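Step one of this worksheet: look at the structure below.
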Protein chains: 2
Amino acid sequence: MKVIDDIAGIRSYVSAIKARGETIGLVPTMGYLHDGHLNLMRMARKLSDHVVISIFVNPTQFGPNEDLDRYPRDFERDMMLASSVGVECIFHPRPEEIYPDGYATYISVEGLSNVLCGVSRPTHFRGVATVVAKLFNIVEPDIAVFGEKDYQQLVIIKRMVDDLNMKVKVVSHPIVREKDGLAMSSRNRYLSAQERKRATVLNRALKRAEQMFRQGERDVYRIKNILTDMIMQEHGCNIDYIEVVDANSLSRLQTIERRAVVALAVKIGKARLIDNIILDPT
Amino acid sequence: MKVIDDIAGIRSYVSAIKARGETIGLVPTMGYLHDGHLNLMRMARKLSDHVVISIFVNPTQFGPNEDLDRYPRDFERDMMLASSVGVECIFHPRPEEIYPDGYATYISVEGLSNVLCGVSRPTHFRGVATVVAKLFNIVEPDIAVFGEKDYQQLVIIKRMVDDLNMKVKVVSHPIVREKDGLAMSSRNRYLSAQERKRATVLNRALKRAEQMFRQGERDVYRIKNILTDMIMQEHGCNIDYIEVVDANSLSRLQTIERRAVVALAVKIGKARLIDNIILDPT
């Protein structure tokens, strides 16, 4: 396992691979890896000759009152876990390597970034798009794998790659869940035992939406109402949003007539958790 | 001379060159070529095996009341001129090839884009940075050549390339001038014979600034005053700005103690003309 912390180093590592005509799969992460991440790495391994992951808690995607400072970190454990699924190289730069003095350039994906999570996190996706573009330019992967839990992020990155004519192929992996249905997330560790139990309401609510949809419900208002009630009945759950949006444009729907995503964000204790489910009437 | 209007076509053209291990120099232009452009192409030819130019009047860098619709075009003449200096390929896309339906991604270089020309053209450099990043990703040139007349553009593009870890090397070419000193520009054709004569005041003013500087003047206020007077005495010249700024950060100076640029924009008739000169005390 190679750990590289500078841009020149990772560039020479990947150019040696490319010189042999072999392919690279990249999995960008903020570390504190869980089985969700490991599934992305397994997928990258299937789709490419070599897997590079990045572990970088990206400051530009955190708002001023968010959890940048207390975001969980455990690099030793991350190395072991990544190694166990065949990752050969971790790019683990310091913030000043990615954002040196005088840094000034930001990428915005308009329209897609000011809805859903973008409402309460207005600069979040600008930070995500910018760091992902930088990682793509530094590592030059053939494919990059992202999880579908961050559905909005996935749509934004795909849009950026298309719009800016980047060569990487973006692939996604379905949400990986705990046995009780909670979507895996590094932020789940913020939950107390009791909060952890309550947090299962997110997935239960989404499954309820799916059930309603399967039984023929197409009215977004009625679906949102049921989900809101379910989550509000759970003590200590504060809804940030529950939305049903077009799966491509992320624009709000009134009726589900094309591929839609039910997306929600809920604050439980110190954690802000997100989850989603796709509903496809076609 | 190859003329290619689609992204897939130019990609296959450049990948054949790269497969042979040869290098590409790119000169992005909006067409209506003049000897300033041709010098950039000559420079690109010296520095690389093959020269690709783009001719694309980029809509996203024009404001709502600017000259997008009447920007001069003469593609037949451009082909002849480009061919005469050894250009082998012109990328000449339609706007919808570069900005298809649903296009949403923009690159901003903060701090450098809201001064000088950015004051009266608030979205101009966002459009420039975006289209140049797209051209870099499409053509993947080893080097790209820009003129120093658009000094702010040059600083912004260099900053973007560094910040986003792009691999292209940006090189610049000194301003090319008419015999009477007027900086060459496609927009000079907007000038009537009388306006054309008056327009020489821009270069005369900058030369006066240089003369003052050589004689020891370091006070920006006094330099700006003299230049303002010179230009205002010329009938029909409306000053957009005259500034003396740090040559790297573009921040305003009061005293010239490090490499500075005197930059100005003046409206004469239907043309808005820019010009600049570097003053280096070191």
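By order of appearance in the structure tokens: chains A, B, ..., then residues from 1 within every chain, and ligands from 1 in the order shown.
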Q: For range 10-26 of chain B, please output as number ranges by chain all residues within 10 Å (counting only C-alpha atoms; exclusion window: fewer than 5 positions along the same chain).
A: B: 2-5, 40-41, 43-54, 87, 89-93, 135-146, 168-170
Please dump the current selection as a tab-separated table (two decimals), in the first residue's frame; keep C-alpha atoms.
```
chain	number	residue	atom	x	y	z
B	2	LYS	CA	-8.60	20.54	-41.42
B	3	VAL	CA	-11.74	22.26	-40.17
B	4	ILE	CA	-13.53	20.29	-37.45
B	5	ASP	CA	-16.79	21.42	-35.90
B	40	LEU	CA	0.41	33.70	-31.23
B	41	MET	CA	0.16	30.93	-33.82
B	43	MET	CA	4.79	31.15	-31.28
B	44	ALA	CA	2.70	27.98	-30.78
B	45	ARG	CA	4.36	26.49	-33.86
B	46	LYS	CA	7.82	27.13	-32.45
B	47	LEU	CA	6.89	25.51	-29.14
B	48	SER	CA	4.98	22.43	-30.35
B	49	ASP	CA	4.77	19.93	-33.22
B	50	HIS	CA	1.22	20.80	-34.29
B	51	VAL	CA	-0.89	23.92	-33.94
B	52	VAL	CA	-4.64	23.75	-33.40
B	53	ILE	CA	-6.59	26.99	-33.20
B	54	SER	CA	-10.16	27.38	-32.09
B	87	VAL	CA	-1.89	26.02	-38.57
B	89	CYS	CA	-6.43	22.36	-37.83
B	90	ILE	CA	-9.21	24.77	-36.89
B	91	PHE	CA	-11.75	23.74	-34.28
B	92	HIS	CA	-14.84	25.71	-35.21
B	93	PRO	CA	-17.80	24.48	-33.17
B	135	LEU	CA	-11.14	23.82	-24.81
B	136	PHE	CA	-8.24	22.56	-22.69
B	137	ASN	CA	-10.19	19.41	-21.78
B	138	ILE	CA	-11.28	18.83	-25.38
B	139	VAL	CA	-7.99	19.53	-27.18
B	140	GLU	CA	-5.61	18.53	-24.34
B	141	PRO	CA	-2.85	20.78	-25.64
B	142	ASP	CA	0.69	20.67	-24.26
B	143	ILE	CA	0.90	24.44	-24.48
B	144	ALA	CA	-1.62	27.21	-25.06
B	145	VAL	CA	-0.74	30.71	-26.22
B	146	PHE	CA	-2.55	33.88	-25.17
B	168	VAL	CA	-1.32	22.57	-20.05
B	169	LYS	CA	1.46	25.15	-20.03
B	170	VAL	CA	0.16	28.68	-20.61
```
(Q) With DSSP run on the backbone, what are the alpha helix (DSSP H) residues within range 22-52 of chain B? I'd like them as a VMD selection string. (A) chain B and resid 35 to 47
Proximity check chain A to chain B, 6 Å, nearest pairs one decimal Å, only C-alpha atoms, as a Markdown table:
```
| residue | atom | partner | partner_atom | distance |
| --- | --- | --- | --- | --- |
| A:Ala104 | CA | B:Glu110 | CA | 5.0 |
| A:Thr105 | CA | B:Val109 | CA | 4.3 |
| A:Tyr106 | CA | B:Ser108 | CA | 5.4 |
| A:Ile107 | CA | B:Ile107 | CA | 4.5 |
| A:Ser108 | CA | B:Tyr106 | CA | 5.4 |
| A:Val109 | CA | B:Thr105 | CA | 4.3 |
| A:Glu110 | CA | B:Ala104 | CA | 5.0 |
| A:Lys134 | CA | B:Leu164 | CA | 5.0 |
| A:Asn137 | CA | B:Asn165 | CA | 5.8 |
| A:Met160 | CA | B:Thr105 | CA | 5.9 |
| A:Leu164 | CA | B:Lys134 | CA | 5.0 |
| A:Asn165 | CA | B:Asn137 | CA | 5.8 |
| A:Met166 | CA | B:Asn137 | CA | 6.0 |
```
Q. Which is closer to Thr200 in chain B than all the others in B:Val85, B:Ile274, B:Leu154, B:Val115, using only C-alpha atoms?
A. B:Ile274
Q: Would you return as number ranges by chain the members of range 37-267 of chain B that DSSP assigns to strand (DSSP E or B) on this structure's backbone?
A: B: 50-55, 89-91, 105-109, 143-147, 169-173, 177, 183, 219, 237-246, 252, 255, 260-267
Q. At what distance in Å, to one decimal, does CA of Val171 in chain B lie from CA of Thr123 in chain B?
A. 24.2 Å
Q) Given the choices A:Pro174, A:Gly269, A:Gly127, A:Gly236, which gets closest to Arg189 in chain A if the distance is worked out from only C-alpha atoms? A) A:Gly269
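Using only C-alpha atoms for every distance, the candidate list B:Asp275, B:Asp229, B:Asp67, B:Glu257 yields B:Asp275 as the residue closest to Met184 in chain B.
Nearest to Ala199 in chain A of all the residues A:Ile242, A:Leu250, A:Val155, A:Leu273 is A:Leu273, counting only C-alpha atoms.
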